[in-house]
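Notes follow once the structure below has been shown.
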Amino acid sequence: MEILGNSSHKIIHGDVLSSLVLVPNNSVNLIFADPPYNIGKNFNGHKDKWVSEESYLHWCYNWIDSCIQKLKSDGSFYVMTATQFMPFFDIYLRKKLHILSRIVWYYDSSGVQAKKYFGSMYEPILFCVKNKNNYVFNTNNILVEAKTGAKRKLIDYRKSTPTIYNSKKIPGNVWEFPRVRYRMDEYENHPTQKPIALLERIINASSNVGDLVLDPFAGTFTTSFVAKELNRHSIGIEMQEEYVKIGLRRLQLAKEFNGEKLKKPIRTFETEESATTKNLSLFEY
């Protein structure tokens, strides 16, 4: 295990349970947890498949308990998992925290679709707080267009003076953000990368400038990246060295790691476009 980075943005390279011990209790304002889903995804050669569902849930309950200890009294905890395991998370967490929202992250799919059942096109997120009477929620930072007022111009006749509905509103609990695709600028080589837009909404809503944001399963370090962009502090925990290197590069914490220069790999289409541009330039002379 090693701690990398600086006083504002730390990367802990190690196992989640042992790494969380290094984070002081009652020190974190916001936690976003996107653990392995126990569905067999390949994380740089490591399969996220436990010997049984019971062993997976036991492991999850351990890191969930540790995360709760790290939260400040007015802290917020967003947690994800596969649809089949979220009911267990929900029942477990409602005994320890207040679940304010059960969010559906909806996305379209361009991959192979199910043929004999209804394929999954969403991932669930629980929004929990320690104290339902005292927590951060920055309404004005996350407003979205309200079509009733902004586009349809419908009038609310229930008011003493009929007026057009508001043009802005707080998002509901169904969020539509596209999944990160290979040709997107933010793409990194990771099987379950979460979009910047998703983390922007969560961090804007549930933390303030200068707050500390923790991601115990950092992956491509999108949480830490967005936290830095929004002037928060961050801690990202990651077990895989390849993903730690992504974090060091994205957060601009180092230019090399163990003698290796940290550069974003060139994608196949970028090589093709570069070759095409070069060939076209030959005709300019």
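Labeling convention for the structure tokens: chains A, B, ... as they appear, residues from 1 per chain, ligands from 1 in order of appearance.
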
Determine, for each residue of region 37-68 of chain A having at least one atom at most 8 Å from an atom of region 13-30 of chain A, the closest pair of atoms and their separation in Å to one decimal, counting only C-alpha atoms; order by chain and ascending number, as a Markdown table.
```
| residue | atom | partner | partner_atom | distance |
| --- | --- | --- | --- | --- |
| A:Asn62 | CA | A:Leu17 | CA | 7.6 |
| A:Trp63 | CA | A:Leu17 | CA | 6.0 |
| A:Ser66 | CA | A:Leu20 | CA | 6.9 |
| A:Cys67 | CA | A:Leu20 | CA | 7.5 |
```

So that each row is one residue of region 105-184 of chain A with an atom at most 10 Å from region 78-95 of chain A, can you give its shortest atom pair and the distance in Å to one decimal, using only C-alpha atoms, rows by chain and rising number, as CSV?
```
residue,atom,partner,partner_atom,distance
A:Trp105,CA,A:Met80,CA,9.9
A:Ser120,CA,A:Thr83,CA,8.5
A:Tyr122,CA,A:Thr83,CA,8.3
A:Glu123,CA,A:Thr83,CA,6.5
A:Pro124,CA,A:Met80,CA,6.0
A:Ile125,CA,A:Met80,CA,4.7
A:Leu126,CA,A:Val79,CA,5.3
A:Phe127,CA,A:Tyr78,CA,4.7
A:Cys128,CA,A:Tyr78,CA,6.2
A:Val129,CA,A:Tyr78,CA,8.7
```

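Taking region 128-186 of chain A and asking which residues DSSP calls strand (DSSP E) on the backbone, you get Cys128, Val129, Val144, Glu145, Ile155, Asp156, Thr163, Ile164, Lys168, Lys169, Val174, Trp175 and Glu176 of chain A.
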
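When only C-alpha atoms are used to compute distances to Phe177 (chain A), the closest of the residues A:Phe269, A:Phe137, A:Phe225, A:Tyr106 turns out to be A:Tyr106.
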